$ cat run-v2.cif   # mmCIF, C-alpha atoms
data_final
loop_
_atom_site.label_atom_id
_atom_site.label_comp_id
_atom_site.auth_asym_id
_atom_site.auth_seq_id
_atom_site.Cartn_x
_atom_site.Cartn_y
_atom_site.Cartn_z
CA MET A 1321 12.60 103.64 37.38
CA GLN A 1322 12.52 104.46 41.05
CA PHE A 1323 15.20 104.88 43.68
CA HIS A 1324 14.79 102.31 46.45
CA PRO A 1325 15.44 103.80 49.92
CA ASN A 1326 17.52 100.82 51.18
CA SER A 1327 19.87 100.57 48.22
CA ALA A 1328 21.92 102.80 46.00
CA VAL A 1329 20.48 101.23 42.86
CA ALA A 1330 17.81 102.70 40.62
CA THR A 1331 15.23 99.95 40.24
CA GLN A 1332 11.95 99.11 38.62
CA ILE A 1333 9.05 98.83 41.00
CA LEU A 1334 8.27 95.18 41.80
CA PRO A 1335 4.90 94.05 43.09
CA LEU A 1336 4.75 93.90 46.88
CA THR A 1337 4.32 90.11 46.79
CA SER A 1338 7.62 89.72 44.94
CA VAL A 1339 9.52 91.77 47.50
CA ALA A 1340 7.96 89.78 50.34
CA TYR A 1341 8.90 86.56 48.54
CA VAL A 1342 12.55 87.66 48.27
CA THR A 1343 12.63 88.40 51.99
CA VAL A 1344 11.33 84.91 52.83
CA VAL A 1345 13.29 82.85 50.28
CA ILE A 1346 16.73 84.44 50.58
CA PRO A 1347 18.60 82.98 53.56
CA ALA A 1348 19.21 85.09 56.62
CA LEU A 1349 22.85 85.64 55.72
CA ASN A 1350 23.45 89.34 56.19
CA GLU A 1351 25.55 90.12 53.15
CA ALA A 1352 24.15 87.36 50.93
CA GLY A 1353 20.61 88.52 51.65
CA ARG A 1354 21.49 92.12 50.89
CA ILE A 1355 23.21 91.17 47.63
CA ALA A 1356 20.21 89.10 46.55
CA GLU A 1357 17.82 91.94 47.42
CA VAL A 1358 19.81 94.39 45.32
CA ILE A 1359 19.81 91.91 42.43
CA ALA A 1360 16.06 91.40 42.81
CA TYR A 1361 15.43 95.12 42.63
CA ALA A 1362 17.90 95.66 39.79
CA THR A 1363 17.05 92.70 37.57
CA ASP A 1364 14.74 89.77 38.14
CA LEU A 1365 13.44 87.83 41.13
CA ALA A 1366 14.41 84.47 39.62
CA ILE A 1367 18.02 85.58 39.13
CA ALA A 1368 18.10 86.92 42.69
CA VAL A 1369 16.89 83.58 44.07
CA ILE A 1370 19.52 81.66 42.07
CA VAL A 1371 22.30 84.02 43.18
CA GLY A 1372 21.08 83.78 46.79
CA VAL A 1373 21.16 79.98 46.70
CA ILE A 1374 24.67 79.97 45.21
CA ILE A 1375 25.96 82.41 47.82
CA ALA A 1376 24.30 80.43 50.62
CA ALA A 1377 25.92 77.20 49.36
CA LEU A 1378 29.35 78.82 49.24
CA VAL A 1379 28.95 80.27 52.74
CA PHE A 1380 27.79 76.88 54.02
CA ALA A 1381 30.83 75.13 52.52
CA TRP A 1382 33.19 77.79 53.89
CA GLN A 1383 31.76 77.53 57.41
CA HIS A 1384 31.74 73.74 57.47
CA ALA A 1385 35.28 73.52 56.12
CA LYS A 1386 36.47 74.89 59.45
CA ASN A 1387 34.59 72.24 61.44
CA ILE A 1388 37.07 69.38 61.22
CA GLU A 1389 38.93 68.76 64.45
CA VAL A 1390 41.26 66.16 65.88
CA VAL A 1391 42.03 64.86 69.36
CA VAL A 1392 45.55 63.46 69.54
CA SER A 1393 46.60 60.82 72.05
CA THR A 1394 49.37 58.26 72.47
CA GLU A 1395 48.68 54.56 73.06
CA GLU A 1396 50.68 52.55 75.58
CA LEU A 1397 52.51 50.86 72.68
CA GLY A 1398 53.77 54.26 71.53
CA TRP A 1399 51.30 54.59 68.66
CA LYS A 1400 49.94 58.06 67.99
CA VAL A 1401 46.14 58.13 67.62
CA TYR A 1402 44.27 60.87 65.77
CA ASP A 1403 40.53 60.91 66.60
CA LEU A 1404 38.78 62.93 63.89
CA TYR A 1405 35.56 64.89 64.40
CA GLY A 1406 33.55 66.61 61.68
CA SER A 1407 32.92 66.32 57.96
CA LEU A 1408 35.66 65.77 55.44
CA PHE A 1409 34.75 67.08 51.99
CA PHE A 1410 36.21 69.22 49.20
CA ALA A 1411 36.28 72.42 51.25
CA SER A 1412 37.92 70.89 54.33
CA THR A 1413 40.70 68.80 52.75
CA GLN A 1414 43.43 71.41 53.30
CA ASN A 1415 42.45 71.84 56.95
CA PHE A 1416 42.40 68.05 57.30
CA LEU A 1417 45.93 67.63 55.94
CA ALA A 1418 47.22 70.44 58.17
CA LEU A 1419 46.09 68.52 61.29
CA PHE A 1420 48.85 65.91 60.92
CA SER A 1421 52.55 66.25 61.72
CA THR A 1422 53.83 63.39 59.58
CA LYS A 1423 57.55 64.09 60.16
CA ASP A 1424 57.21 64.17 63.96
CA ASP A 1425 54.88 61.17 64.28
CA PRO A 1426 56.11 57.75 65.47
CA ALA A 1427 56.40 54.73 63.16
CA GLU A 1428 52.81 53.61 63.87
CA VAL A 1429 49.93 56.06 63.47
CA VAL A 1430 46.21 55.36 63.87
CA ILE A 1431 43.61 57.66 62.32
CA ASP A 1432 40.17 57.03 63.79
CA PHE A 1433 37.24 58.08 61.55
CA LYS A 1434 34.56 56.87 64.00
CA ASN A 1435 33.32 60.43 64.67
CA ALA A 1436 34.04 61.83 61.20
CA ARG A 1437 32.15 61.65 57.92
CA VAL A 1438 33.87 61.29 54.55
CA LYS A 1439 31.56 63.08 52.12
CA ASP A 1440 33.10 63.08 48.63
CA HIS A 1441 35.89 61.99 46.30
CA SER A 1442 38.10 64.95 47.27
CA ALA A 1443 38.07 63.65 50.82
CA LEU A 1444 39.20 60.22 49.63
CA GLU A 1445 42.02 61.82 47.66
CA ALA A 1446 43.14 63.75 50.76
CA ILE A 1447 43.19 60.52 52.80
CA ASP A 1448 45.20 58.84 50.03
CA LEU A 1449 47.66 61.76 49.95
CA LEU A 1450 48.10 61.51 53.71
CA ALA A 1451 48.82 57.78 53.42
CA GLU A 1452 51.41 58.50 50.72
CA ARG A 1453 53.13 61.04 52.98
CA TYR A 1454 53.40 58.48 55.79
CA THR A 1455 54.59 55.78 53.38
CA GLN A 1456 57.32 58.03 51.96
CA LEU A 1457 58.61 58.52 55.51
CA GLY A 1458 58.57 54.75 56.15
CA LYS A 1459 55.71 54.95 58.65
CA ASN A 1460 52.67 52.73 58.95
CA CYS A 1461 49.27 54.49 58.88
CA ILE A 1462 46.26 52.53 60.15
CA TYR A 1463 42.69 53.71 59.49
CA ALA A 1464 40.01 52.87 62.05
CA ILE A 1465 36.30 53.24 61.37
#

$ encode --input "run-v2.cif" --output "structure tokens"
Amino acid sequence: MQFHPNSAVATQILPLTSVAYVTVVIPALNEAGRIAEVIAYATDLAIAVIVGVIIAALVFAWQHAKNIEVVVSTEELGWKVYDLYGSLFFASTQNFLALFSTKDDPAEVVIDFKNARVKDHSALEAIDLLAERYTQLGKNCIYAI
């Protein structure tokens, strides 16, 4: 066992090629990279790569969940139009639903998905839930693509 100077973990010495491989394979996410390096030194390179990929996927989903936006306008007929931008998937469904003010909207609402991408079944469920909310209030929701 040897104490690695960049971590507070006693580790086994890995061949130099393994350490270089960890540095290249693990994404350049500050904390995720550091966590994977510590795991590589403490256990096994394969486990470190798997943990690094999982952390990178979670960080990716978290960052992209914030990237759904809406531009709201009113048509001359009094319809409220929501122009969506971004990706709608499992991580962004709550942000998506928070974009709409169903109680304050007029009787006719248009949701334009031209600049948005629906990625998975969770997104479809969120769209269905939004339609149910408008229906319960006696409002007509029109989807444009």

$ resolve_selection --input "run-v2.cif" --expression "the PyMOL selection byres ((chain A and resi 1464) around 12)" --output "list in words"
Val1401, Tyr1402, Asp1403, Leu1404, Val1429, Val1430, Ile1431, Asp1432, Phe1433, Lys1434, Asn1435, Ala1436, Cys1461, Ile1462, Tyr1463 and Ile1465 of chain A

$ axis_aligned_box --input "run-v2.cif" --around "region 1448-1464 of chain A" --padding-each-side "5 Å" --output "lines of an AutoDock Vina configuration file"
center_x = 49.3
center_y = 57.1
center_z = 56.0
size_x = 28.6
size_y = 19.2
size_z = 22.1

$ closest_residue --input "run-v2.cif" --among "A:Ser1412, A:Asp1364, A:Tyr1405, A:Lys1400" --to "Ala1381 (chain A)" --atoms "all atoms listed in the file"
A:Ser1412

$ residues_around --input "run-v2.cif" --residues "region 1415-1423 of chain A" --least-positions-apart "4" --cutoff "9 Å" --atoms "only C-alpha atoms" --output "ChimeraX atom specification"
/A:1385-1386,1388-1390,1402,1408,1411,1443,1446-1447,1449-1450,1453-1454,1457,1459

$ atom_distance --input "run-v2.cif" --atom1 "CA of Val1438 (chain A)" --atom2 "CA of Ile1370 (chain A)"
27.9 Å

$ atom_distance --input "run-v2.cif" --atom1 "CA of Phe1380 (chain A)" --atom2 "CA of Lys1439 (chain A)"
14.4 Å
